[in-house]
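Undergrad: Input entry.cif, format and content: mmCIF, C-alpha atoms.
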data_run
loop_
_atom_site.label_atom_id
_atom_site.label_comp_id
_atom_site.auth_asym_id
_atom_site.auth_seq_id
_atom_site.Cartn_x
_atom_site.Cartn_y
_atom_site.Cartn_z
CA MET A 20 207.58 -108.31 133.54
CA ALA A 21 206.67 -108.84 129.88
CA SER A 22 209.40 -109.42 127.32
CA TYR A 23 208.85 -108.07 123.82
CA THR A 24 210.73 -108.77 120.60
CA GLY A 25 210.62 -107.53 117.03
CA LEU A 26 208.27 -104.65 116.18
CA ALA A 27 206.52 -104.94 119.56
CA ARG A 28 209.75 -104.04 121.38
CA ARG A 29 210.27 -100.44 122.42
CA GLU A 30 213.36 -99.04 124.11
CA LEU A 31 213.87 -95.83 126.04
CA TRP A 32 217.18 -94.52 127.36
CA VAL A 33 216.93 -93.11 130.88
CA ASP A 34 219.66 -90.98 132.41
CA ALA A 35 219.83 -92.21 136.01
CA ARG A 36 223.32 -91.00 136.82
CA ASP A 37 221.91 -89.13 139.79
CA LEU A 38 221.06 -92.48 141.40
CA GLN A 39 224.16 -94.11 142.87
CA SER A 40 224.34 -97.06 145.22
CA ASP A 41 227.14 -95.40 147.18
CA SER A 42 225.83 -91.82 147.29
CA ASP A 43 225.55 -92.06 151.10
CA PRO A 44 228.83 -93.64 152.30
CA ASP A 45 227.40 -94.19 155.81
CA ASN A 46 224.40 -96.09 154.48
CA PRO A 47 225.17 -97.69 151.06
CA LEU A 48 222.36 -99.39 149.19
CA THR A 49 222.32 -103.15 148.71
CA ALA A 50 222.32 -104.45 145.13
CA GLU A 51 218.60 -105.32 145.43
CA GLU A 52 217.69 -101.85 146.76
CA TYR A 53 219.69 -100.19 143.98
CA ILE A 54 218.00 -102.30 141.30
CA ASP A 55 214.57 -101.49 142.82
CA ILE A 56 215.34 -97.75 142.69
CA LEU A 57 216.53 -97.99 139.07
CA THR A 58 213.47 -100.06 138.11
CA ALA A 59 211.17 -97.48 139.74
CA ARG A 60 212.88 -94.68 137.77
CA GLY A 61 212.48 -96.67 134.56
CA ARG A 62 208.77 -97.26 135.18
CA GLU A 63 208.32 -93.57 135.96
CA LYS A 64 209.94 -92.57 132.66
CA LEU A 65 207.91 -95.16 130.75
CA ALA A 66 204.72 -93.70 132.23
CA GLU A 67 205.80 -90.26 130.96
CA ASN A 68 206.42 -91.65 127.46
CA GLN A 69 203.36 -93.75 126.68
CA LEU A 70 203.12 -95.23 123.22
CA VAL A 71 200.59 -93.34 121.12
CA ARG A 72 198.75 -95.26 118.46
CA SER A 73 196.62 -93.52 115.90
CA PHE A 74 194.96 -94.44 112.66
CA SER A 75 192.08 -93.20 110.60
CA ALA A 76 188.90 -95.12 110.00
CA ILE A 77 186.15 -94.80 107.45
CA VAL A 78 182.63 -95.20 108.75
CA ARG A 79 180.64 -97.52 106.54
CA THR A 80 177.71 -95.50 105.14
CA TYR A 81 176.36 -98.02 102.66
CA ASN A 82 174.21 -100.49 104.59
CA PRO A 83 175.89 -99.64 107.90
CA THR A 84 175.75 -102.00 110.84
CA TYR A 85 175.45 -99.10 113.30
CA VAL A 86 174.01 -95.68 112.51
CA TYR A 87 175.18 -92.49 114.17
CA ASP A 88 172.44 -90.72 116.16
CA GLU A 89 170.48 -93.99 116.36
CA ASP A 90 172.90 -96.62 117.70
CA PHE A 91 175.63 -94.34 119.12
CA LEU A 92 176.08 -90.67 120.01
CA LEU A 93 178.78 -88.27 121.15
CA GLY A 94 180.47 -89.56 124.28
CA ASP A 95 179.68 -93.21 123.55
CA THR A 96 182.47 -95.76 123.42
CA ILE A 97 182.61 -97.67 120.16
CA THR A 98 184.85 -100.46 118.91
CA VAL A 99 186.93 -99.58 115.86
CA THR A 100 188.74 -102.24 113.83
CA ASP A 101 191.36 -101.87 111.13
CA GLU A 102 191.74 -105.35 109.65
CA ARG A 103 194.72 -104.31 107.52
CA LEU A 104 196.70 -103.29 110.62
CA SER A 105 195.12 -105.98 112.83
CA VAL A 106 194.15 -103.30 115.34
CA THR A 107 190.96 -103.29 117.38
CA LEU A 108 190.37 -100.69 120.05
CA ASN A 109 187.62 -99.03 122.02
CA ALA A 110 187.41 -95.28 121.56
CA VAL A 111 185.13 -92.47 122.67
CA VAL A 112 183.24 -90.52 119.99
CA GLN A 113 184.44 -86.97 120.70
CA ALA A 114 183.05 -85.21 117.63
CA ALA A 115 180.95 -86.02 114.58
CA GLU A 116 180.83 -84.03 111.36
CA ARG A 117 178.21 -84.86 108.77
CA ALA A 118 178.66 -83.46 105.25
CA VAL A 119 176.41 -83.66 102.21
CA SER A 120 177.76 -83.14 98.69
CA LYS A 121 177.08 -84.21 95.09
CA GLU A 122 178.87 -87.47 95.82
CA GLY A 123 176.58 -88.20 98.76
CA GLU A 124 176.65 -88.01 102.51
CA SER A 125 179.75 -88.53 104.63
CA LEU A 126 180.35 -88.81 108.35
CA THR A 127 183.67 -87.97 109.98
CA LEU A 128 184.16 -89.09 113.57
CA THR A 129 186.84 -87.81 115.90
CA LEU A 130 187.71 -90.57 118.32
CA GLY A 131 189.62 -90.39 121.54
CA PHE A 132 190.14 -92.26 124.72
CA GLY A 133 188.28 -91.63 127.95
CA GLN A 134 189.73 -91.71 131.42
CA PRO A 135 190.88 -95.21 132.33
CA THR A 136 188.43 -97.09 134.51
CA LEU A 137 189.37 -98.82 137.74
CA TYR A 138 189.22 -102.11 135.81
CA ASP A 139 191.68 -100.77 133.20
CA ARG A 140 194.11 -99.66 135.91
CA LEU A 141 193.92 -103.00 137.74
CA LYS A 142 194.38 -104.90 134.48
CA ARG A 143 197.51 -102.85 133.69
CA LYS A 144 198.86 -103.41 137.18
CA ALA A 145 198.31 -107.18 136.87
CA VAL A 146 200.26 -107.30 133.58
CA LYS A 147 203.31 -105.65 135.16
#
Show the structure stored in the file as structure tokens.

TA:
Amino acid sequence: MASYTGLARRELWVDARDLQSDSDPDNPLTAEEYIDILTARGREKLAENQLVRSFSAIVRTYNPTYVYDEDFLLGDTITVTDERLSVTLNAVVQAAERAVSKEGESLTLTLGFGQPTLYDRLKRKAVK
């Protein structure tokens, strides 16, 4: 199991009072079984409370590396980087809004995340 410190550390309080090692006096749980049940409850609650990261990005329109409708379209997965936050992620282009004004042309992309692939699920499982 990974151990995080500082800003990477997240904590979640889980009420597991309903889980008791001696709830069945005829068949009490061993310490290992009790810890396994508590760990399973904790993982379940963590899965329900996934960390959501969001940030906005500006698509480079002056001499762009990639051009919308030529290099990528709706539904494509693109890599977005915010150097200031040191964040790089792959996101799905869910919507694109092109606007033209006196100041010039602008493109607003709505990005999201697609369904996790089998590779993503296996990678997550291997980290645990």

Undergrad: Compute the distance from (215.1, -97.5, 131.7) to each atom, counting only C-alpha atoms, keep the residues with any atom at most 6 Å away, and return them as JSON, numbers by chain; use the coordinates of the file.

TA: {"A": [32, 33, 61]}

Undergrad: Run through the PyMOL selection byres ((chain A and resi 102-119) around 9) on the given coordinates and return the selected residues as number ranges by chain.

TA: A: 87, 91-101, 120-133

Undergrad: Let me make sure I understand: among A:Thr84, A:Arg28, A:Leu57, A:Glu67, which one has the smallest atom-to-atom distance to Ser40 in chain A if we use only C-alpha atoms?

TA: A:Leu57

Undergrad: Report as a VMD selection string all protein, DNA and RNA residues lying within 12 Å of Leu65 in chain A, evaluated on only C-alpha atoms, omitting residues in the same chain fewer than 2 positions from it.

TA: chain A and resid 29 to 33 58 to 63 67 to 70

Undergrad: Report the distance between CA of Asp55 in chain A and CA of Arg36 in chain A in Å, rounded to one decimal place.

TA: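 So the two atoms, CA of Asp55 in chain A and CA of Arg36 in chain A, lie 14.9 Å apart.
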
Undergrad: Can you tell me, as a VMD selection string, what residues are no more than 9 Å from Leu38 in chain A when counting all atoms listed in the file, ignoring any on the same chain fewer than 4 positions away?

TA: chain A and resid 42 53 56 to 57

Undergrad: For the atom pair CA of Ala35 in chain A and CA of Thr49 in chain A, what is the interatomic distance in Å to one decimal place?

TA: 16.9 Å

Undergrad: So what do you get for CA of Ser22 in chain A versus CA of Asp37 in chain A, distance-wise?

TA: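 About the pair CA of Ser22 in chain A and CA of Asp37 in chain A: they are 26.9 Å apart.
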
Undergrad: Padding 8 Å on every side, please: axis-aligned box over the listed atoms of range 113-127 of chain A, centre and edge lengths to one decimal in Å, as JSON.

TA:
{"center_x": 180.4, "center_y": -86.0, "center_z": 107.9, "size_x": 24.0, "size_y": 21.7, "size_z": 41.6}
